[in-house]
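Trainee: A single structure is presented below for examination.
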Amino acid sequence: MNTKILVWIGIGFSVLCLVSGLVVSVIIFFGEALDNPPLRIILEADLAEGQELPEGAMEAAQAVIEHRLNNLGLTRSTVQRQDNNQIRVELFNVSNPELTIKTIHQTGLLEFVDAGHTSIPEGTLIKTSLSNDLDPASKVYETIITSGDLDQISNAGINSATRLLEINFSLKPEGQQNLSDYTGANVGNFLCIVLDKVVLSCPRVSGRIDSNGVITLPDTSLEEGQTLSIQLRSGALPVPLKVISVSE
């Protein structure tokens, strides 16, 4: 057979294979999208009666949510403002919808609070000096530092010695000074670690903490620990959000 004919047959076959591959890829991609419709979530600012929405709060909340989703590896997600006080989120191929929704909509404000001489049980809802609705009749615990004072934050991991879930962190200079001053003057007292006003743990201060610390998470799954780690690295939401609807 003529050599030129063989060459053209070879080129034609290669092009056909390439086009076929592209068609198959497109079919697979759209087939996946059709088989797995997006999870649609509507979030709304959760404000107290008479409380005004701070200027720029929803834009900042959108940025925090996008950061959290990127940390979760959900890069095909979309986050959009809707109305004045709502955010619409669309997620694709979510393996754990409940945990994902929890990750993106929780405020994620971590506080280290002075509990004095008495430990507070885990899971207790408390008021801190950063609470919006301070009731003079209620016990208010002073906040020493917050998640905004944390610098480097590790992934959650199991401590090989204690078999407890932990997140290691370092502090920014101001937070380092505040925690160092407090722990140095309050050895023997209890310093509770609180997430969104709920006590996670309440260890006793054994000595001055200068720069690095550990958040211990007893009775917490590794997935939940990673959720907290992502929230801490992404920053707290500037305004509380509540879930209005979830649909597919």
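Here, A, B, ... name the chains of the structure tokens in the order displayed, residue numbers run from 1 inside each chain, and ligands are numbered from 1 in the same displayed order.
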Taking the DSSP assignment computed from this structure's backbone, write out as a list in words all residues of stretch 120-237 of chain A that belong to helix (DSSP H, G or I).

Mentor: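 Selection result, helix (DSSP H, G or I) within stretch 120-237 of chain A: Ser147, Gly148, Asp149, Pro173, Glu174, Gly175, Gln176, Gln177, Asn178, Leu179, Ser180, Asp181, Tyr182, Thr183, Gly184, Ala185, Leu222, Glu223, Glu224, Gly225, Gln226, Thr227, Leu228, Ser229, Ile230, Gln231, Leu232, Arg233 and Ser234 of chain A.
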
Trainee: If you count only C-alpha atoms, which residues fall within 10 Å of A:Pro203, apart from same-chain ones fewer than 2 positions away, as a VMD selection string?

Mentor: chain A and resid 115 119 to 120 188 to 193 200 to 201 205 to 206 215 to 216

Trainee: Those residues you just picked out, can you put them in a file as a tab-separated table (two decimals), in the first residue's frame with N, CA and C atoms?

Mentor:
chain	number	residue	atom	x	y	z
A	115	ALA	N	-12.07	30.08	84.43
A	115	ALA	CA	-13.14	29.44	85.22
A	115	ALA	C	-12.86	29.51	86.72
A	119	SER	N	-13.93	23.73	88.04
A	119	SER	CA	-14.01	23.25	86.66
A	119	SER	C	-15.46	23.29	86.17
A	120	ILE	N	-15.62	23.48	84.85
A	120	ILE	CA	-16.95	23.48	84.23
A	120	ILE	C	-17.09	22.22	83.39
A	188	GLY	N	-2.96	26.48	88.94
A	188	GLY	CA	-3.90	25.77	89.81
A	188	GLY	C	-5.35	26.07	89.49
A	189	ASN	N	-5.62	27.18	88.79
A	189	ASN	CA	-6.98	27.50	88.38
A	189	ASN	C	-7.35	26.74	87.11
A	190	PHE	N	-8.62	26.85	86.72
A	190	PHE	CA	-9.09	26.15	85.52
A	190	PHE	C	-9.25	27.14	84.36
A	191	LEU	N	-8.73	26.76	83.21
A	191	LEU	CA	-8.83	27.55	81.98
A	191	LEU	C	-9.64	26.74	80.99
A	192	CYS	N	-10.89	27.14	80.77
A	192	CYS	CA	-11.77	26.37	79.89
A	192	CYS	C	-11.59	26.78	78.43
A	193	ILE	N	-11.66	25.78	77.56
A	193	ILE	CA	-11.63	26.01	76.11
A	193	ILE	C	-13.06	25.88	75.61
A	200	LEU	N	-15.58	22.84	75.63
A	200	LEU	CA	-14.99	21.64	75.04
A	200	LEU	C	-14.18	20.86	76.07
A	201	SER	N	-13.40	21.58	76.85
A	201	SER	CA	-12.60	20.97	77.92
A	201	SER	C	-12.24	22.06	78.91
A	205	VAL	N	-4.58	24.81	85.01
A	205	VAL	CA	-3.33	25.46	84.62
A	205	VAL	C	-2.20	24.90	85.47
A	206	SER	N	-1.21	24.27	84.82
A	206	SER	CA	-0.10	23.66	85.56
A	206	SER	C	1.16	24.52	85.54
A	215	ILE	N	-5.07	22.00	72.25
A	215	ILE	CA	-6.50	21.90	72.52
A	215	ILE	C	-6.84	20.42	72.56
A	216	THR	N	-7.25	19.92	73.71
A	216	THR	CA	-7.60	18.51	73.86
A	216	THR	C	-9.11	18.35	73.66

Trainee: Distance table requested - stretch 165-205 of chain A against stretch 225-238 of chain A, cut-off 9 Å, only C-alpha atoms: one row per qualifying residue with the closest atom pair and its distance in Å to one decimal, ordered by chain and rising residue number, as a tab-separated table.

Mentor:
residue	atom	partner	partner_atom	distance
A:Leu165	CA	A:Gly225	CA	7.3
A:Glu166	CA	A:Gly225	CA	7.8
A:Ile167	CA	A:Ser229	CA	7.1
A:Leu195	CA	A:Leu228	CA	9.0

Trainee: Any chance you can output those residues with C-alpha atoms as a short mmCIF file (atom, residue, chain, number, x, y, z; two decimals), in the first residue's frame?

Mentor:
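Saved the output as again.cif:
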data_model
loop_
_atom_site.label_atom_id
_atom_site.label_comp_id
_atom_site.auth_asym_id
_atom_site.auth_seq_id
_atom_site.Cartn_x
_atom_site.Cartn_y
_atom_site.Cartn_z
CA LEU A 165 -7.60 13.85 70.04
CA GLU A 166 -5.57 17.06 69.98
CA ILE A 167 -4.99 20.22 67.94
CA LEU A 195 -16.40 26.85 71.18
#

Trainee: At what distance in Å, to one decimal, does atom CA of A:Glu224 lie from atom CA of A:Leu99?

Mentor: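 Result for atom CA of A:Leu99 versus atom CA of A:Glu224: 7.7 Å, one decimal.
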
Trainee: Need the shell around A:Asn132: protein/DNA/RNA residues with any atom at most 10 Å away, counting only C-alpha atoms. Skip same-chain ones fewer than 4 positions apart. Format as a list in words?

Mentor: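 My list of contacting residues is Ala48, Lys127 and Thr128 of chain A.
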
Trainee: Let me see the file: selected residues, N, CA, C and O atoms, as a short mmCIF file (atom, residue, chain, number, x, y, z; two decimals), in the first residue's frame.

Mentor:
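File written: result_29.cif
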data_model
loop_
_atom_site.label_atom_id
_atom_site.label_comp_id
_atom_site.auth_asym_id
_atom_site.auth_seq_id
_atom_site.Cartn_x
_atom_site.Cartn_y
_atom_site.Cartn_z
N ALA A 48 -30.32 38.86 66.89
CA ALA A 48 -31.30 39.07 67.97
C ALA A 48 -32.28 40.15 67.54
O ALA A 48 -31.99 40.97 66.66
N LYS A 127 -21.92 31.87 79.46
CA LYS A 127 -21.78 33.24 78.96
C LYS A 127 -20.35 33.70 79.22
O LYS A 127 -19.79 33.44 80.29
N THR A 128 -19.78 34.36 78.24
CA THR A 128 -18.43 34.89 78.38
C THR A 128 -18.47 36.41 78.27
O THR A 128 -19.50 36.99 77.93
#

Trainee: Near A:Ser131, counting only C-alpha atoms, which residues have an atom at most 10 Å away, once you skip same-chain residues fewer than 5 positions from it, shown as a CSV table (one decimal) with C-alpha atoms, in the first residue's frame?

Mentor:
chain,number,residue,atom,x,y,z
A,126,ILE,CA,-21.9,29.5,79.3
A,140,VAL,CA,-20.0,35.7,83.1
A,141,TYR,CA,-16.6,34.1,82.5
A,143,THR,CA,-12.3,35.6,78.0
A,196,ASP,CA,-19.4,29.1,70.4
A,197,LYS,CA,-20.1,29.3,74.2
